[in-house]
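Chemist: To start, I am sharing the structure in question, which I have written as C-alpha cells.
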Number of protein chains: 2
Amino acid sequence: MGKPEINVGLLGWGTVGTGVSKILINQKHQIYQNTGLNLNLLKVAKRTLPAQRTGVDLANNCLTTDVNTIVDNPDIDIVVELIGGIANSRELISRAIRNGKSIVTANKALIAECGADLYQLAQKQGVSLNFEASTAGGIPIIKTLRESFAGNKVESIYGIVNGTCNYILTEMQKNGRNFSEALKMAQERGYAEADPTLDIDGTDAAQKLTILVALAHHIKVPLNQVHTEGITKITQNDIQYAQELGYTVKLLAITKSRGTKIDVRVHPTLIPNDSMLANVSDAFNAVCVVGNAVGPTLFYGQGAGEMPTASAVVADIIDAARSINGNSHVPIPPAWASKPHSDFSIGLIDDIETRYYLKLVVQDCPGVLAQIGTILGNQDISISSVIQKEPHCKNSVSLIILTHKACEANMCQARIEIDNLEVVQEKLTLIRIEEFDF
Amino acid sequence: MGKPEINVGLLGWGTVGTGVSKILINQKHQIYQNTGLNLNLLKVAKRTLPAQRTGVDLANNCLTTDVNTIVDNPDIDIVVELIGGIANSRELISRAIRNGKSIVTANKALIAECGADLYQLAQKQGVSLNFEASTAGGIPIIKTLRESFAGNKVESIYGIVNGTCNYILTEMQKNGRNFSEALKMAQERGYAEADPTLDIDGTDAAQKLTILVALAHHIKVPLNQVHTEGITKITQNDIQYAQELGYTVKLLAITKSRGTKIDVRVHPTLIPNDSMLANVSDAFNAVCVVGNAVGPTLFYGQGAGEMPTASAVVADIIDAARSINGNSHVPIPPAWASKPHSDFSIGLIDDIETRYYLKLVVQDCPGVLAQIGTILGNQDISISSVIQKEPHCKNSVSLIILTHKACEANMCQARIEIDNLEVVQEKLTLIRIEEFDF
C-alpha cells in the first residue's frame with residue numbers, strides 16, 4: 001500500500017536539522033521496523049557550503065544551497081522547515097503546500113503568528129501541516145492535545161515551556177546564584193542565546209502558549225493579548241522566602257477556562273514544593289494538562305536541543321508519510337506480526353547488574369559484619385554504605401547495606417550463604433536500586 | 001468526507017463503560033468541535049437489566065442484554081469491549097473483527113495474552129484494533145510509543161503502572177502505616193479489589209509491561225518470562241531505612257536493552273528521592289521512557305478510574321473513526337479554520353482571582369504593618385501569612401505576605417497605594433501563586 005519510498009527534503013541544516021538527518025539516515029532501519037515506512041532523505045538545503053556534520057553522512061548530491069530544489073522538486077513528498085524566522089519560512093512553506101507537499105515545521109514563531117493561514121492553505125490542498133516540535137521539544141504535547149485528549153474539555157494547562165528560564169530559576173534555587181550569574185551559566189552551557197531577551201522576558205513561552213491555547217480552547221490568541229511577565233525581576237531573596245513558605249518559583253505558561261472566558265498568561269509563579277511541576281529542574285520542560293475526563297496529567301522531557309527536537313520532527317514526518325500512503329491506522333506492532341522480528345531476546349534475571357539494598361537482622365556480637373562482608377566480597381559485591389541500627393530487641397540488630405553494581409547471579413549465591421549464617425536471625429531482605437538523574 | 005455519523009456499540013456497562021457513555025453522550029458536541037466527528041452511541045450491552053447510571057441518559061432502545069445485537073449489527077462501526085476476562089472477550093472481538101468492525105478495548109489481560117492473534121486478524125480484515133486504555137489508564141503511553149517516539153530506539157522504560165501498589169507504598173512512606181493497614185485503606189477507597197492478589201503480587205504490572213515491551217522492543221514476552229516480585233514483603237522498616245539513605249521504594253515495571261538482550265522485570269525498587277518518579281504519589285501512574293533521540297521523558301496521570309480510563313477509550317474510538325472515514329491526517333484545528341468557532345473569549349488579567357506573594361522593604365517603625373493591612377483590607381484582600389525578617393540594613397526590614405485568593409484588579413489598586421506609602425523603601429514585588437494537589 002502506498003509509495004515504496006517517501007522522499008523528504010530539509011530546509012535548514014543547523015542544530016535540529018542535523019539531528020533530523022542523523023535519525024533519518026542512521027536509524028532508517030529502526031524507523032522501518034517501527035512503522036513499516038521507508039523514509040529517504042533526498043535533499044538538505046543550507047545557506048552556505050561546504051558543510052559537514054559529525055555523526056552523519058549525507059548521500060552524494062544531497063546538500064544544496066538552493067531551497068528551490070526542495071520546494072519545487074516533484075520528487076519530494078515532505079518538506080521540513082527548520083530555518084526559523086517568519087517571512088522567508090512562510091513564503092517557502094506556502095509555495096511547498098501549493099506544490100502539493102506535506103509540511104513539517106519546528107517554527108513556533110511562525111505557527112503562533114501564521115498557523116491559521118498556513119493551515120487553511122494546507123487543508124485546501126489536502127496536505128498535512130505538522131508542528132509537534134514547535135512546543136516543548138521532544139514532548140508530544142501537540143499530538144496529545146489533538147488526539148489523545150480529544151474526548152476531553154481541557155480545563156487548564158500549566159507549562160514549563162522555556163528551558164532557559166527553568167535552568168536559571170533552578171540554579172538560583174539549588175545553588176544560591178543570583179539572576180545574572182545563572183543567566184551567564186545558561187549561556188555558557190548553550191541553553192540561552194547570546195541575546196536571551198525573548199526567553200527571559202517570557203515571549204518564547206507566550207508564543208508556545210498561544211499554540212497550546214489554539215488546540216485546547218479553539219481560540220486564536222494574538223501574542224499581544226497574552227499577559228506576559230518574564231523572570232528578570234526575580235531575586236535570590238524571593239526564591240529563598242518562597243522556599244521557607246513551602247513554594248518553588250517557576251515561569252509558568254497558564255491557560256484556564258472560567259465560564260466563557262479563558263485566561264492566557266505567562267508569569268513567574270509560586271507553586272507548592274511537593275507538586276510534580278515544582279520538581280521539574282534544569283533545562284527540562286513539562287506541561288500539565290487538566291482535562292475534565294482524564295483529570296490532571298503531566299508530560300515531561302527535554303524541550304530543546306538537537307536530538308529531542310529532532311525526535312519530534314521525525315514523528316511528524318512519519319505521521320505525514322502515513323497520510324501520504326493512506327495508512328490511516330497505525331500498522332500492526334512488529335511483535336504481533338505473523339512473522340515477528342525483533343533485534344532482542346529476553347535476558348535472564350541472573351545476568352542483570354544492579355545496585356542492591358540489603359536488610360539483615362543479626363546477632364549483636366563481634367565479627368558479624370566481617371562474615372557478611374567476606375561472603376559479599378567473595379561474590380565480587382562491593383559495599384557502598386552500611387547503617388547499623390541500635391538493637392531493637394535483646395541481642396538482635398538491623399544491618400542495612402547498600403552495594404555498588406553487582407551481578408544478580410552473584411547476589412543470589414551470596415544471599416543463600418548469608419541466610420545460612422548462624423548469626424543471621426531473619427532471612428535477608430533484598431531490594432534492587434535504580435539510579436536516575438531525572 | 002466519510003460517514004456523517006459513526007455508530008459505536010459498548011460491550012459492558014460497568015465503571016469504565018459508564019464513563020465512556022458519559023463522554024460520548026454528554027460531550028458529543030465537544031468531540032465534534034475537537035475532531036469534526038459525529039460519534040453516536042447506538043447500543044450498550046449489559047448482562048442484566050434494568051440498569052441506570054447517574055449522570056448519563058442513554059437513548060431509548062440503546063440498552064440490551066444481548067451482545068449479538070452489537071457484534072453482529074450491520075449498523076455498528078466500532079465495537080468497544082469493556083467486559084474484561086479473556087475467553088468471552090476474545091470470542092466477541094474476533095467475531096466483531098470478522099464482521100468488519102473496528103475494535104477498541106481496555107482489556108490488558110486479553111491484549112497481553114492474545115494481542116498478536118487479534119492484531120493479525122484485524123490486519124487481515126483491514127480494521128483498527130486500539131488498546132490505549134489497557135496500560136496506565138488516561139496516560140497516552142501506547143500512542144506515544146507507537147507514534148511520537150517512532151523515530152527512536154527505546155533504551156529503557158520504567159513504569160509505575162499499578163495504582164494500588166503505589167497508593168499502598170505512599171501510605172506506608174508518608175503516613176507510617178504498615179502494609180496491611182495501607183492495603184485495607186486502598187480497598188476502602190476503591191483502589192484495590194476485594195481480592196487484591198493480582199495487584200500486590202505484581203501480575204497486573206507485568207501484564208502491562210509485556211504490552212509496553214511489545215511496542216518498544218518488538219518482542220512478545222510471555223507473562224511467565226517476566227521476572228515478577230510484588231510488594232507484600234516490603235516493611236515499614238525498609239521504607240524508613242530507604243528514606244534515610246535518600247531513596248523511595250516504588251513498584252517499577254522495567255525494561256532495558258543491553259546489547260541484544262532485554263530485561264523485562266517487575267519488582268520493588270529503591271529510586272532516588274529527588275527523581276521525578278519518586279514524586280509520583282497515591283494512586284497515580286507514571287511511565288518514564290528513555291529514547292535514544294528524545295532522551296528521558298515522563299508521562300504522568302491517573303492510571304485507573306471511571307473517567308480517566310474512559311478518556312483513553314474515547315481517544316481510541318476517535319482514532320478508529322478517523323480511520324473509517326479515511327481521514328488519515330488530523331483535521332484543521334478549529335481555532336485556525338477560516339470561520340473559527342470557540343466557546344471562549346479571552347479574559348482580562350484584571351479579572352483573574354489568585355493568591356499572591358508580596359515582598360516589601362519598609363522602614364522598621366511602628367504601625368507599618370497596620371498601614372499595609374488597611375490598604376489590603378480596603379481592597380478585600382485577606383492575608384494568609386506574614387514573615388517579617390530581621391532588619392537587613394539599618395532601619396529597613398523585609399516583609400513577606402501571602403494572601404488568600406483576591407481579584408487582580410483590586411491587587412493592582414492596592415499595589416499603587418502601597419508603593420505610595422512613605423514607609424515603603426522599595427517597590428512591591430508581586431508573584432502570583434498557583435495551588436496544585438498533584
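Convention: chains lettered A, B, ... in C-alpha cells order; per-chain residue numbering from 1; ligands numbered from 1 as shown.
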Please, which residues of range 213-263 of chain A, numbered as in this document, come out strand (DSSP E) from DSSP, as a list of chain:residue names?
Modeler: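 After running DSSP on the backbone, range 213-263 of chain A has strand (DSSP E) at A:His227, A:Thr228, A:Tyr247, A:Thr248, A:Val249, A:Lys250, A:Leu251, A:Leu252, A:Ala253, A:Ile254, A:Thr255, A:Lys256, A:Ser257, A:Arg258, A:Lys261, A:Ile262, A:Asp263.
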Chemist: Using only C-alpha atoms, which protein or nucleic acid residues come within 6 Å of range 104-115 of chain A? Drop anything in the same chain fewer than 4 positions from it, and give the result as a list in words.
Modeler: Val80, Glu81, Gly84, Ile86, Tyr119, Leu129, Asn130, Phe131, Ala133, Ser134, Gln207 and Ile211 of chain A
Chemist: Tell me, as a list in words, which residues lie within 8 Å of range 401-407 of chain A, counting only C-alpha atoms; anything in the same chain fewer than 5 positions away does not count.
Modeler: Asp350, Asp351, Ile352, Glu353, Thr354, Arg355, Tyr356, Tyr357, Leu358, Lys359, Asp380, Ile381, Ser382, Ile383, Ser384, Ser385, Val386 and Ile387 of chain A
Chemist: Export, as a PDB file, in the first residue's frame, the selected residues with N, CA and C atoms.
Modeler:
ATOM      1  N   ASP A 350      19.249 -13.453  36.105  1.00  0.00           N
ATOM      2  CA  ASP A 350      20.565 -13.719  36.685  1.00  0.00           C
ATOM      3  C   ASP A 350      21.666 -12.858  36.081  1.00  0.00           C
ATOM      4  N   ASP A 351      21.448 -12.382  34.870  1.00  0.00           N
ATOM      5  CA  ASP A 351      22.506 -11.644  34.181  1.00  0.00           C
ATOM      6  C   ASP A 351      22.468 -10.140  34.437  1.00  0.00           C
ATOM      7  N   ILE A 352      21.430  -9.632  35.068  1.00  0.00           N
ATOM      8  CA  ILE A 352      21.367  -8.186  35.229  1.00  0.00           C
ATOM      9  C   ILE A 352      22.431  -7.723  36.222  1.00  0.00           C
ATOM     10  N   GLU A 353      22.832  -6.483  36.043  1.00  0.00           N
ATOM     11  CA  GLU A 353      23.729  -5.854  37.013  1.00  0.00           C
ATOM     12  C   GLU A 353      23.006  -4.666  37.603  1.00  0.00           C
ATOM     13  N   THR A 354      22.954  -4.608  38.891  1.00  0.00           N
ATOM     14  CA  THR A 354      22.236  -3.515  39.533  1.00  0.00           C
ATOM     15  C   THR A 354      22.805  -3.300  40.929  1.00  0.00           C
ATOM     16  N   ARG A 355      22.416  -2.210  41.553  1.00  0.00           N
ATOM     17  CA  ARG A 355      22.773  -1.997  42.943  1.00  0.00           C
ATOM     18  C   ARG A 355      21.688  -2.636  43.827  1.00  0.00           C
ATOM     19  N   TYR A 356      22.060  -2.941  45.054  1.00  0.00           N
ATOM     20  CA  TYR A 356      21.121  -3.599  45.952  1.00  0.00           C
ATOM     21  C   TYR A 356      21.052  -2.904  47.311  1.00  0.00           C
ATOM     22  N   TYR A 357      19.850  -2.954  47.877  1.00  0.00           N
ATOM     23  CA  TYR A 357      19.604  -2.633  49.283  1.00  0.00           C
ATOM     24  C   TYR A 357      19.438  -3.969  49.987  1.00  0.00           C
ATOM     25  N   LEU A 358      20.219  -4.209  51.026  1.00  0.00           N
ATOM     26  CA  LEU A 358      20.120  -5.456  51.791  1.00  0.00           C
ATOM     27  C   LEU A 358      19.793  -5.127  53.236  1.00  0.00           C
ATOM     28  N   LYS A 359      18.799  -5.795  53.785  1.00  0.00           N
ATOM     29  CA  LYS A 359      18.498  -5.620  55.210  1.00  0.00           C
ATOM     30  C   LYS A 359      18.647  -6.961  55.916  1.00  0.00           C
ATOM     31  N   ASP A 380      32.265 -10.822  44.597  1.00  0.00           N
ATOM     32  CA  ASP A 380      32.586  -9.630  43.804  1.00  0.00           C
ATOM     33  C   ASP A 380      31.563  -8.519  44.019  1.00  0.00           C
ATOM     34  N   ILE A 381      30.961  -8.511  45.208  1.00  0.00           N
ATOM     35  CA  ILE A 381      29.946  -7.498  45.513  1.00  0.00           C
ATOM     36  C   ILE A 381      30.551  -6.492  46.460  1.00  0.00           C
ATOM     37  N   SER A 382      30.572  -5.249  46.029  1.00  0.00           N
ATOM     38  CA  SER A 382      31.249  -4.218  46.785  1.00  0.00           C
ATOM     39  C   SER A 382      30.222  -3.362  47.531  1.00  0.00           C
ATOM     40  N   ILE A 383      30.534  -3.048  48.793  1.00  0.00           N
ATOM     41  CA  ILE A 383      29.595  -2.322  49.662  1.00  0.00           C
ATOM     42  C   ILE A 383      29.768  -0.823  49.472  1.00  0.00           C
ATOM     43  N   SER A 384      28.665  -0.084  49.276  1.00  0.00           N
ATOM     44  CA  SER A 384      28.803   1.372  49.166  1.00  0.00           C
ATOM     45  C   SER A 384      28.445   2.086  50.460  1.00  0.00           C
ATOM     46  N   SER A 385      27.526   1.546  51.253  1.00  0.00           N
ATOM     47  CA  SER A 385      27.305   2.126  52.582  1.00  0.00           C
ATOM     48  C   SER A 385      26.632   1.135  53.515  1.00  0.00           C
ATOM     49  N   VAL A 386      26.826   1.375  54.792  1.00  0.00           N
ATOM     50  CA  VAL A 386      26.276   0.489  55.824  1.00  0.00           C
ATOM     51  C   VAL A 386      25.642   1.348  56.905  1.00  0.00           C
ATOM     52  N   ILE A 387      24.472   0.945  57.361  1.00  0.00           N
ATOM     53  CA  ILE A 387      23.912   1.528  58.591  1.00  0.00           C
ATOM     54  C   ILE A 387      23.694   0.379  59.557  1.00  0.00           C
TER      55      ILE A 387
END
Chemist: Of the residues B:Leu251, B:Ile157, B:Val20, B:Leu215, which is the one nearest to Asp201 in chain B, using only C-alpha atoms?
Modeler: B:Leu251
Chemist: If we count only C-alpha atoms, what is near range 186-195 of chain B at a cut-off of 7 Å, once residues fewer than 5 positions away on the same chain are taken out, given as a list in words?
Modeler: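 Near neighbours after the sequence-gap exclusion: Thr164, Tyr167 and Ile168 of chain B.
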Chemist: Would you output that residue set with C-alpha atoms, as an mmCIF file, in the first residue's frame?
Modeler:
data_model
loop_
_atom_site.group_PDB
_atom_site.id
_atom_site.type_symbol
_atom_site.label_atom_id
_atom_site.label_comp_id
_atom_site.auth_asym_id
_atom_site.auth_seq_id
_atom_site.Cartn_x
_atom_site.Cartn_y
_atom_site.Cartn_z
ATOM 1 C CA THR B 164 -2.984 0.096 44.100
ATOM 2 C CA TYR B 167 -1.102 4.013 46.909
ATOM 3 C CA ILE B 168 -0.036 1.404 49.472
#
Chemist: What is the distance between CA of Asp282 in chain B and CA of Thr170 in chain B, in Å to one decimal?
Modeler: 5.6 Å
Chemist: Under the rule that only C-alpha atoms are counted, which of B:Asn175, B:Thr135, B:Asn73, B:Ser281 is the nearest residue to chain A?
Modeler: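 The shortest atom-to-atom distance to chain A comes from B:Ser281.
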Chemist: Between CA of Ala242 in chain A and CA of Asp437 in chain B, measure the distance and give it in Å to one decimal.
Modeler: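 CA of Asp437 in chain B lies at a distance of 17.7 Å from CA of Ala242 in chain A.
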Chemist: Mind checking which residues fall within 8 Å of Ser257 in chain B, counting only C-alpha atoms, ignoring those fewer than 6 positions away in the same chain, and posting them as a ChimeraX atom specification?
Modeler: /A:344 /B:155-156,263
Chemist: Residues of the last selection are to be written out with N, CA and C atoms, as a JSON list (two decimals), in the first residue's frame.
Modeler:
[["chain", "number", "residue", "atom", "x", "y", "z"],
["A", 344, "PHE", "N", 15.89, -8.30, 19.62],
["A", 344, "PHE", "CA", 16.15, -8.66, 21.01],
["A", 344, "PHE", "C", 15.67, -10.05, 21.37],
["B", 155, "GLU", "N", 15.44, 2.88, 24.76],
["B", 155, "GLU", "CA", 16.52, 2.26, 25.53],
["B", 155, "GLU", "C", 16.00, 1.62, 26.81],
["B", 156, "SER", "N", 15.06, 2.30, 27.45],
["B", 156, "SER", "CA", 14.52, 1.73, 28.68],
["B", 156, "SER", "C", 13.16, 2.34, 29.00],
["B", 263, "ASP", "N", 15.99, -6.79, 29.39],
["B", 263, "ASP", "CA", 15.48, -7.17, 30.70],
["B", 263, "ASP", "C", 14.00, -6.81, 30.76]]
Chemist: To test your reading of the structure, identify every residue in range 131-235 of chain B that backbone DSSP assigns to alpha helix (DSSP H), and report it as an NGL selection string.
Modeler: :B and (141-143 or 163-175 or 179-188 or 197-200 or 203-217)
Chemist: Include N, CA and C atoms and write out the residues we just selected as a short mmCIF file (atom, residue, chain, number, x, y, z; two decimals), in the first residue's frame.
Modeler:
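New file selection-v1.cif:
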data_model
loop_
_atom_site.label_atom_id
_atom_site.label_comp_id
_atom_site.auth_asym_id
_atom_site.auth_seq_id
_atom_site.Cartn_x
_atom_site.Cartn_y
_atom_site.Cartn_z
N ILE B 141 0.28 6.48 26.74
CA ILE B 141 1.62 5.91 26.56
C ILE B 141 1.70 5.00 25.34
N ILE B 142 0.58 4.37 24.97
CA ILE B 142 0.59 3.48 23.80
C ILE B 142 0.82 4.30 22.53
N LYS B 143 0.04 5.37 22.38
CA LYS B 143 0.18 6.23 21.20
C LYS B 143 1.57 6.86 21.16
N GLY B 163 -1.69 1.40 40.31
CA GLY B 163 -2.09 2.44 41.26
C GLY B 163 -2.29 1.91 42.66
N THR B 164 -2.76 0.68 42.78
CA THR B 164 -2.98 0.10 44.10
C THR B 164 -1.67 0.02 44.87
N CYS B 165 -0.66 -0.55 44.24
CA CYS B 165 0.65 -0.68 44.90
C CYS B 165 1.22 0.70 45.22
N ASN B 166 1.07 1.64 44.29
CA ASN B 166 1.66 2.95 44.54
C ASN B 166 0.96 3.65 45.69
N TYR B 167 -0.36 3.45 45.78
CA TYR B 167 -1.10 4.01 46.91
C TYR B 167 -0.62 3.40 48.23
N ILE B 168 -0.48 2.08 48.25
CA ILE B 168 -0.04 1.40 49.47
C ILE B 168 1.36 1.89 49.89
N LEU B 169 2.29 1.93 48.94
CA LEU B 169 3.66 2.35 49.27
C LEU B 169 3.70 3.81 49.71
N THR B 170 2.86 4.65 49.10
CA THR B 170 2.80 6.06 49.51
C THR B 170 2.28 6.19 50.93
N GLU B 171 1.22 5.43 51.25
CA GLU B 171 0.67 5.47 52.61
C GLU B 171 1.70 4.99 53.64
N MET B 172 2.44 3.95 53.26
CA MET B 172 3.46 3.42 54.18
C MET B 172 4.54 4.47 54.41
N GLN B 173 4.93 5.15 53.34
CA GLN B 173 6.02 6.13 53.48
C GLN B 173 5.55 7.41 54.16
N LYS B 174 4.45 7.99 53.66
CA LYS B 174 4.06 9.31 54.15
C LYS B 174 3.41 9.25 55.51
N ASN B 175 2.63 8.20 55.76
CA ASN B 175 1.86 8.16 56.99
C ASN B 175 2.25 7.03 57.93
N PHE B 179 1.96 -2.50 55.95
CA PHE B 179 1.41 -2.95 54.68
C PHE B 179 -0.08 -3.27 54.76
N SER B 180 -0.48 -4.01 55.80
CA SER B 180 -1.88 -4.47 55.80
C SER B 180 -2.85 -3.32 56.08
N GLU B 181 -2.43 -2.36 56.93
CA GLU B 181 -3.28 -1.16 57.11
C GLU B 181 -3.46 -0.42 55.78
N ALA B 182 -2.34 -0.24 55.09
CA ALA B 182 -2.39 0.53 53.84
C ALA B 182 -3.23 -0.19 52.79
N LEU B 183 -3.11 -1.52 52.75
CA LEU B 183 -3.93 -2.29 51.81
C LEU B 183 -5.41 -2.12 52.14
N LYS B 184 -5.73 -2.16 53.42
CA LYS B 184 -7.13 -2.01 53.82
C LYS B 184 -7.66 -0.64 53.38
N MET B 185 -6.84 0.39 53.56
CA MET B 185 -7.26 1.73 53.12
C MET B 185 -7.48 1.77 51.61
N ALA B 186 -6.59 1.11 50.87
CA ALA B 186 -6.73 1.08 49.40
C ALA B 186 -8.04 0.41 49.02
N GLN B 187 -8.41 -0.63 49.76
CA GLN B 187 -9.67 -1.30 49.46
C GLN B 187 -10.86 -0.42 49.80
N GLU B 188 -10.77 0.27 50.97
CA GLU B 188 -11.87 1.15 51.36
C GLU B 188 -12.08 2.28 50.35
N THR B 197 -4.89 -9.79 45.00
CA THR B 197 -3.68 -10.59 44.72
C THR B 197 -2.95 -10.13 43.47
N LEU B 198 -3.68 -9.99 42.36
CA LEU B 198 -3.01 -9.69 41.08
C LEU B 198 -2.35 -8.32 41.08
N ASP B 199 -2.84 -7.41 41.92
CA ASP B 199 -2.18 -6.11 42.05
C ASP B 199 -0.90 -6.24 42.88
N ILE B 200 -1.05 -6.75 44.10
CA ILE B 200 0.08 -6.68 45.04
C ILE B 200 1.16 -7.71 44.76
N THR B 203 1.46 -9.07 39.23
CA THR B 203 0.97 -9.64 37.96
C THR B 203 0.38 -8.57 37.05
N ASP B 204 -0.44 -7.70 37.62
CA ASP B 204 -1.06 -6.63 36.83
C ASP B 204 0.01 -5.77 36.15
N ALA B 205 1.02 -5.39 36.90
CA ALA B 205 2.10 -4.58 36.32
C ALA B 205 2.85 -5.36 35.25
N ALA B 206 3.03 -6.68 35.47
CA ALA B 206 3.75 -7.50 34.49
C ALA B 206 2.96 -7.60 33.18
N GLN B 207 1.64 -7.73 33.28
CA GLN B 207 0.82 -7.76 32.06
C GLN B 207 1.00 -6.48 31.26
N LYS B 208 0.93 -5.35 31.96
CA LYS B 208 1.09 -4.06 31.27
C LYS B 208 2.49 -3.95 30.66
N LEU B 209 3.48 -4.44 31.41
CA LEU B 209 4.85 -4.36 30.90
C LEU B 209 5.01 -5.14 29.60
N THR B 210 4.37 -6.30 29.50
CA THR B 210 4.52 -7.07 28.25
C THR B 210 3.94 -6.28 27.06
N ILE B 211 2.90 -5.49 27.30
CA ILE B 211 2.35 -4.67 26.22
C ILE B 211 3.34 -3.58 25.83
N LEU B 212 3.92 -2.92 26.83
CA LEU B 212 4.90 -1.86 26.54
C LEU B 212 6.13 -2.43 25.81
N VAL B 213 6.57 -3.61 26.24
CA VAL B 213 7.75 -4.23 25.61
C VAL B 213 7.45 -4.62 24.17
N ALA B 214 6.25 -5.12 23.92
CA ALA B 214 5.89 -5.47 22.54
C ALA B 214 6.02 -4.25 21.64
N LEU B 215 5.59 -3.09 22.13
CA LEU B 215 5.63 -1.88 21.31
C LEU B 215 7.03 -1.30 21.23
N ALA B 216 7.77 -1.33 22.34
CA ALA B 216 9.07 -0.66 22.37
C ALA B 216 10.17 -1.52 21.79
N HIS B 217 10.14 -2.81 22.05
CA HIS B 217 11.25 -3.68 21.66
C HIS B 217 10.86 -4.75 20.66
#
Chemist: Could you check the closest approach to Pro366 in chain B for each of B:Phe149, B:Asn395, B:Arg90, B:Ile78 and tell me which residue wins, using only C-alpha atoms?
Modeler: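 Closest to Pro366 in chain B of all the choices is B:Asn395.
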Chemist: Between B:Ile416, B:Ala370, B:Ile239, B:Leu24, single out the one closest to Ile318 in chain B, counting only C-alpha atoms.
Modeler: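 Of B:Ile416, B:Ala370, B:Ile239, B:Leu24, the one nearest Ile318 in chain B, counting only C-alpha atoms, is B:Leu24.
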Chemist: Any idea what the distance is between CA of Gln225 in chain B and CA of Asn162 in chain B?
Modeler: 19.1 Å
Chemist: Do a neighbour search on Pro140 in chain A at 10 Å with only C-alpha atoms, toss out local chain neighbours closer than 2 positions, and write the hits as a tab-separated table (two decimals) with C-alpha atoms, in the first residue's frame.
Modeler:
chain	number	residue	atom	x	y	z
A	132	GLU	CA	4.97	18.93	17.16
A	133	ALA	CA	8.48	20.31	17.65
A	135	THR	CA	6.27	23.49	21.52
A	136	ALA	CA	8.15	21.69	24.31
A	137	GLY	CA	10.68	19.98	22.01
A	138	GLY	CA	10.61	16.22	22.37
A	142	ILE	CA	0.60	18.69	20.39
A	143	LYS	CA	-0.46	15.16	19.46
A	144	THR	CA	-1.72	14.56	22.99
A	145	LEU	CA	-3.98	17.61	22.91
A	287	VAL	CA	3.33	20.53	30.53
A	299	PHE	CA	4.27	15.38	30.31
A	300	TYR	CA	7.96	15.83	30.96
A	301	GLY	CA	11.10	15.81	28.84
A	311	SER	CA	12.69	13.19	17.65
A	312	ALA	CA	9.51	15.32	17.45
A	315	ALA	CA	7.48	11.77	14.47
B	140	PRO	CA	-1.44	8.15	26.33
B	143	LYS	CA	0.18	6.23	21.20
B	144	THR	CA	3.39	7.88	22.37
B	147	GLU	CA	3.72	7.29	17.00
B	148	SER	CA	5.52	10.06	18.86
B	149	PHE	CA	8.67	8.04	19.55
B	297	THR	CA	10.68	11.55	29.29
Chemist: A:Ala116, A:Ala320, A:Ala310, A:Cys288: which is nearest Val221 in chain A, counting only C-alpha atoms?
Modeler: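 Checking each candidate against Val221 in chain A, we get A:Ala116 as the closest.
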Chemist: Using only C-alpha atoms, which of the listed residues (A:Ala87, A:Ile231, A:Ile31, A:Ile372) sits closest to chain B?
Modeler: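 Checking each of A:Ala87, A:Ile231, A:Ile31, A:Ile372 against chain B, counting only C-alpha atoms, the winner is A:Ile31.
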Chemist: Which residues are near His227 in chain A? Cut-off 7 Å, only C-alpha atoms, ignore same chain within fewer than 3 positions. Put them as a PyMOL selection string.
Modeler: (chain A and resi 264-266) or (chain B and resi 349)
